[in-house]
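Q: I'd like to ask some things about the structure below.
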Amino acid sequence: MKLSKWKYPSFYLSAVGIANTGQWVYLLAINLVVLEMTGSALAVAGLYMIKPFARMFVGLWAGSVIDRSSTKHLMISLDVIRALLIVSIPFLDSIWFIYTLVLFIQMASAMFDPASFTYMTLLLPEHSRKRFNALLSFVHSGAFIMGPALAGILFMVGSLEMALFVNVGAFLLSAGLTYLLPNLVHGNSTSNSKITYSNIRSDWHLVWRFSKVAFPFVIVYMVFQGVMLLTAALDSMEVAFSKEVLHLTDAAYGSLVSIAGIGFLIGSICTNVIVKYSTAKQMMCSGTTFVAIGYVIYSFSTTYMMASIGCFILACFLSLANTGFMTFIQENIPIDMMGRISSLYGMIAHTIQLFVVLIMGLAAQWFSIQEVVISGSILMLIVAILLIVIVTRLAAYKIAKG
């Protein structure tokens, strides 16, 4: 592809990279702000409950807004809104006001993600999407490493408030880069653009009809999400597992997270090579299988070295799985319905995720943490193998039908 054709994709990647780096700074800073204000680990845990609730609420109607709006201008507005909300946090002295602002920030993020994904799909020709998704995964891995590192530097040389203000600057810079992108319009954004309850309800029915027609796609989508939901649930046990089972110090736990970040970065680099020779389904299936294997190794680990190997493997193949999944979605969802379908499906996934996290948390009270993590990782591997079986049988069915 000519260099000029990568001009706008480069702007998009830069905006995503800057915003994601800022989000990591925000995540660490808001955790410490709440901890300093309350001195309660439970209050910090409350921050992690806000995200799925926000996405559950927004998912009901966000897709209708996205598919009837200019995604470029919506992305800019959401970046600016998040910047304005974050800049207000240092001036608040009530934990409940902070929770409220965090809720609105998460709601804006819940709208931004599918809007950004829809715009990306509009921006790229079909033959470039798989390669671009691999590059996007590389950008995310870079933000995963740069964000916490930048936050650590800011905490040492400045303050939590400074870190939040840097995050505000990151969102505004992201909005500025997005402004340089072309204004791409799809069919629904120019017709029937009013957001009414009647339109939202008709959109729900439209997604339901699509789901019935594209039922094989829905099955593959939900099984893949099953693996990702289990990763989120197991991640919620990560600190307790490291402390109580592996008996790691804070420094050792930090290095374990760093190893995962390095694995994610290396995996992203490898994905950019593999993407040329693999289909979306192959990447999705192989990626999820090795992610599950990494979690199994981690769950059975009794030493730092064994846990490091598991963390490296699962993080390394996460990029491959996500790149395949993003490409799979782009291949199967019509662009003019992408916002509605991804938002509603995401709402269902986050609802299930909330219950899975709660169930695993309760199970950890009745059984040992390692038993719960082992059970979750084995279940993840079973679901990953199920994904391979479903994709293989669907491919065989299509060949036989053809």
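Identifiers for the structure tokens are assigned positionally: chains receive A, B, ... in sequence, residues are indexed from 1 per chain, and ligands are indexed from 1 in the order shown.
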Would you pick out the contacts of stretch 53-58 of chain A at 9 Å or less, using only C-alpha atoms, so that residues sharing its chain but fewer than 4 positions from it are not included, and give the list as an NGL selection string?
A: :A and (49 or 62-63 or 103-111 or 343-344 or 346-351 or 354)
Q: Kindly export the residues of the current selection with C-alpha atoms, as a PDB file, in the first residue's frame.
A:
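Output file out.pdb follows:
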ATOM      1  CA  MET A  49     -17.711  -2.540  39.396  1.00  0.00           C
ATOM      2  CA  ALA A  62     -25.502   3.679  22.284  1.00  0.00           C
ATOM      3  CA  GLY A  63     -25.549   1.715  19.032  1.00  0.00           C
ATOM      4  CA  LEU A 103     -19.563   6.387  35.916  1.00  0.00           C
ATOM      5  CA  PHE A 104     -19.985   9.112  33.279  1.00  0.00           C
ATOM      6  CA  ILE A 105     -16.381   8.637  32.101  1.00  0.00           C
ATOM      7  CA  GLN A 106     -17.010   4.912  31.677  1.00  0.00           C
ATOM      8  CA  MET A 107     -20.265   5.606  29.854  1.00  0.00           C
ATOM      9  CA  ALA A 108     -18.392   7.866  27.430  1.00  0.00           C
ATOM     10  CA  SER A 109     -15.761   5.146  26.942  1.00  0.00           C
ATOM     11  CA  ALA A 110     -18.499   2.567  26.381  1.00  0.00           C
ATOM     12  CA  MET A 111     -19.797   4.712  23.507  1.00  0.00           C
ATOM     13  CA  SER A 343     -23.132  -2.292  21.560  1.00  0.00           C
ATOM     14  CA  LEU A 344     -25.947  -4.725  22.319  1.00  0.00           C
ATOM     15  CA  GLY A 346     -21.181  -5.965  24.333  1.00  0.00           C
ATOM     16  CA  MET A 347     -23.904  -5.201  26.867  1.00  0.00           C
ATOM     17  CA  ILE A 348     -24.797  -8.896  27.064  1.00  0.00           C
ATOM     18  CA  ALA A 349     -21.124  -9.853  27.423  1.00  0.00           C
ATOM     19  CA  HIS A 350     -20.490  -7.345  30.225  1.00  0.00           C
ATOM     20  CA  THR A 351     -23.639  -8.446  32.053  1.00  0.00           C
ATOM     21  CA  LEU A 354     -20.270  -9.162  36.085  1.00  0.00           C
TER      22      LEU A 354
END
Q: If we count only C-alpha atoms and set the cut-off at 9 Å, which residues sit around A:Leu184, ignoring sequence neighbours fewer than 6 positions away in its own chain? Please answer as a list of chain:residue names.
A: A:Ser70, A:Thr71, A:Lys72, A:Tyr119, A:Leu122, A:Leu123
Q: Report as a ChimeraX atom specification all protein, DNA and RNA residues lying within 8 Å of A:Ala321, evaluated on only C-alpha atoms, omitting residues in the same chain fewer than 4 positions from it.
A: /A:283-288,317,325
Q: So that I can check the surroundings of stretch 298-315 of chain A, please list as a PyMOL selection string every protein, DNA and RNA residue that reaches within 10 Å of it, counting only C-alpha atoms and ignoring chain neighbours fewer than 4 positions away.
A: chain A and resi 141+231+234+238+241-242+245-248+252-253+255-268+287-294+319-320+369-378
Q: Just list as number ranges by chain whatever in stretch 129-195 of chain A DSSP marks as helix (DSSP H, G or I).
A: A: 129-157, 160-179, 187-189
Q: Just give me the gap between atom CA of A:Ser202 and atom CA of A:Ser64 in Å, one decimal is fine.
A: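 Taking atom CA of A:Ser202 and atom CA of A:Ser64, their separation equals 9.6 Å.
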Q: Could you pull the residues within 8 Å of A:Val34, counting only C-alpha atoms, minus those fewer than 5 positions along the same chain, as JSON, numbers by chain?
A: {"A": [39, 43, 44, 95]}
Q: Excluding stretch 340-342 of chain A and any residue of its chain fewer than 5 positions from it, enumerate the residues within 8 Å of it, using only C-alpha atoms, and give them as a PyMOL selection string.
A: chain A and resi 61-64+66-67+114+203+207+333
Q: Closest to A:Asp235 among A:Ala163, A:Val356, A:Ile274, A:Leu124, using only C-alpha atoms?
A: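 Under the stated criterion, the closest residue is A:Val356.
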Q: Write out as a PDB file with all heavy atoms, in the first residue's frame the residues lying within 12 Å of A:Ser94, counting only C-alpha atoms and excluding same-chain residues fewer than 4 positions away.
A:
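Contents of around.pdb, freshly written:
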ATOM      1  N   VAL A  33      -6.042   7.862  43.974  1.00  0.00           N
ATOM      2  CA  VAL A  33      -6.843   8.964  44.517  1.00  0.00           C
ATOM      3  C   VAL A  33      -7.890   8.430  45.485  1.00  0.00           C
ATOM      4  O   VAL A  33      -8.060   8.938  46.602  1.00  0.00           O
ATOM      5  CB  VAL A  33      -7.521   9.768  43.380  1.00  0.00           C
ATOM      6  CG1 VAL A  33      -8.617  10.684  43.940  1.00  0.00           C
ATOM      7  CG2 VAL A  33      -6.500  10.603  42.625  1.00  0.00           C
ATOM      8  N   VAL A  34      -8.603   7.378  45.056  1.00  0.00           N
ATOM      9  CA  VAL A  34      -9.656   6.798  45.902  1.00  0.00           C
ATOM     10  C   VAL A  34      -9.044   6.146  47.140  1.00  0.00           C
ATOM     11  O   VAL A  34      -9.582   6.261  48.249  1.00  0.00           O
ATOM     12  CB  VAL A  34     -10.494   5.778  45.091  1.00  0.00           C
ATOM     13  CG1 VAL A  34     -11.433   4.996  45.994  1.00  0.00           C
ATOM     14  CG2 VAL A  34     -11.284   6.498  44.001  1.00  0.00           C
ATOM     15  N   MET A  37      -8.040   8.839  49.552  1.00  0.00           N
ATOM     16  CA  MET A  37      -9.194   9.525  50.121  1.00  0.00           C
ATOM     17  C   MET A  37      -9.897   8.676  51.172  1.00  0.00           C
ATOM     18  O   MET A  37     -10.367   9.189  52.196  1.00  0.00           O
ATOM     19  CB  MET A  37     -10.180   9.892  49.007  1.00  0.00           C
ATOM     20  CG  MET A  37     -11.428  10.614  49.469  1.00  0.00           C
ATOM     21  SD  MET A  37     -12.517  11.050  48.095  1.00  0.00           S
ATOM     22  CE  MET A  37     -11.532  12.308  47.289  1.00  0.00           C
ATOM     23  N   THR A  38      -9.979   7.352  50.936  1.00  0.00           N
ATOM     24  CA  THR A  38     -10.775   6.486  51.803  1.00  0.00           C
ATOM     25  C   THR A  38      -9.938   5.546  52.662  1.00  0.00           C
ATOM     26  O   THR A  38     -10.392   5.099  53.719  1.00  0.00           O
ATOM     27  CB  THR A  38     -11.737   5.629  50.962  1.00  0.00           C
ATOM     28  OG1 THR A  38     -10.978   4.752  50.122  1.00  0.00           O
ATOM     29  CG2 THR A  38     -12.626   6.513  50.090  1.00  0.00           C
ATOM     30  N   ILE A  89     -11.940  15.952  38.633  1.00  0.00           N
ATOM     31  CA  ILE A  89     -11.730  15.016  39.743  1.00  0.00           C
ATOM     32  C   ILE A  89     -10.874  15.588  40.874  1.00  0.00           C
ATOM     33  O   ILE A  89     -11.225  15.439  42.055  1.00  0.00           O
ATOM     34  CB  ILE A  89     -11.142  13.686  39.212  1.00  0.00           C
ATOM     35  CG1 ILE A  89     -12.197  12.937  38.386  1.00  0.00           C
ATOM     36  CG2 ILE A  89     -10.651  12.802  40.360  1.00  0.00           C
ATOM     37  CD1 ILE A  89     -11.693  11.665  37.732  1.00  0.00           C
ATOM     38  N   PRO A  90      -9.737  16.265  40.582  1.00  0.00           N
ATOM     39  CA  PRO A  90      -8.902  16.762  41.693  1.00  0.00           C
ATOM     40  C   PRO A  90      -9.598  17.773  42.599  1.00  0.00           C
ATOM     41  O   PRO A  90      -9.125  18.026  43.719  1.00  0.00           O
ATOM     42  CB  PRO A  90      -7.712  17.412  40.964  1.00  0.00           C
ATOM     43  CG  PRO A  90      -7.658  16.743  39.634  1.00  0.00           C
ATOM     44  CD  PRO A  90      -9.091  16.482  39.282  1.00  0.00           C
ATOM     45  N   ILE A  98     -16.914  11.389  43.084  1.00  0.00           N
ATOM     46  CA  ILE A  98     -15.908  10.774  42.215  1.00  0.00           C
ATOM     47  C   ILE A  98     -16.486   9.543  41.519  1.00  0.00           C
ATOM     48  O   ILE A  98     -16.292   9.342  40.314  1.00  0.00           O
ATOM     49  CB  ILE A  98     -14.648  10.404  43.028  1.00  0.00           C
ATOM     50  CG1 ILE A  98     -13.916  11.678  43.444  1.00  0.00           C
ATOM     51  CG2 ILE A  98     -13.729   9.481  42.223  1.00  0.00           C
ATOM     52  CD1 ILE A  98     -12.679  11.432  44.273  1.00  0.00           C
ATOM     53  N   TYR A  99     -17.207   8.714  42.267  1.00  0.00           N
ATOM     54  CA  TYR A  99     -17.863   7.559  41.655  1.00  0.00           C
ATOM     55  C   TYR A  99     -18.805   7.992  40.521  1.00  0.00           C
ATOM     56  O   TYR A  99     -18.873   7.347  39.470  1.00  0.00           O
ATOM     57  CB  TYR A  99     -18.669   6.783  42.703  1.00  0.00           C
ATOM     58  CG  TYR A  99     -17.860   5.823  43.539  1.00  0.00           C
ATOM     59  CD1 TYR A  99     -18.364   5.324  44.736  1.00  0.00           C
ATOM     60  CD2 TYR A  99     -16.600   5.389  43.151  1.00  0.00           C
ATOM     61  CE1 TYR A  99     -17.643   4.431  45.527  1.00  0.00           C
ATOM     62  CE2 TYR A  99     -15.867   4.498  43.921  1.00  0.00           C
ATOM     63  CZ  TYR A  99     -16.399   4.031  45.106  1.00  0.00           C
ATOM     64  OH  TYR A  99     -15.678   3.154  45.878  1.00  0.00           O
ATOM     65  N   THR A 100     -19.535   9.071  40.759  1.00  0.00           N
ATOM     66  CA  THR A 100     -20.469   9.562  39.740  1.00  0.00           C
ATOM     67  C   THR A 100     -19.725  10.003  38.486  1.00  0.00           C
ATOM     68  O   THR A 100     -20.127   9.668  37.362  1.00  0.00           O
ATOM     69  CB  THR A 100     -21.294  10.737  40.292  1.00  0.00           C
ATOM     70  OG1 THR A 100     -22.006  10.312  41.461  1.00  0.00           O
ATOM     71  CG2 THR A 100     -22.294  11.229  39.251  1.00  0.00           C
ATOM     72  N   LEU A 101     -18.620  10.745  38.663  1.00  0.00           N
ATOM     73  CA  LEU A 101     -17.835  11.166  37.503  1.00  0.00           C
ATOM     74  C   LEU A 101     -17.231   9.967  36.779  1.00  0.00           C
ATOM     75  O   LEU A 101     -17.227   9.913  35.547  1.00  0.00           O
ATOM     76  CB  LEU A 101     -16.714  12.117  37.942  1.00  0.00           C
ATOM     77  CG  LEU A 101     -17.085  13.587  38.146  1.00  0.00           C
ATOM     78  CD1 LEU A 101     -15.829  14.413  38.370  1.00  0.00           C
ATOM     79  CD2 LEU A 101     -17.848  14.138  36.953  1.00  0.00           C
TER      80      LEU A 101
END
Q: Using only C-alpha atoms, which residue out of A:Val220, A:Leu150, A:Ile335, A:Ala19 lies closest to A:Arg68?
A: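 Smallest distance to A:Arg68 is found for A:Ile335.
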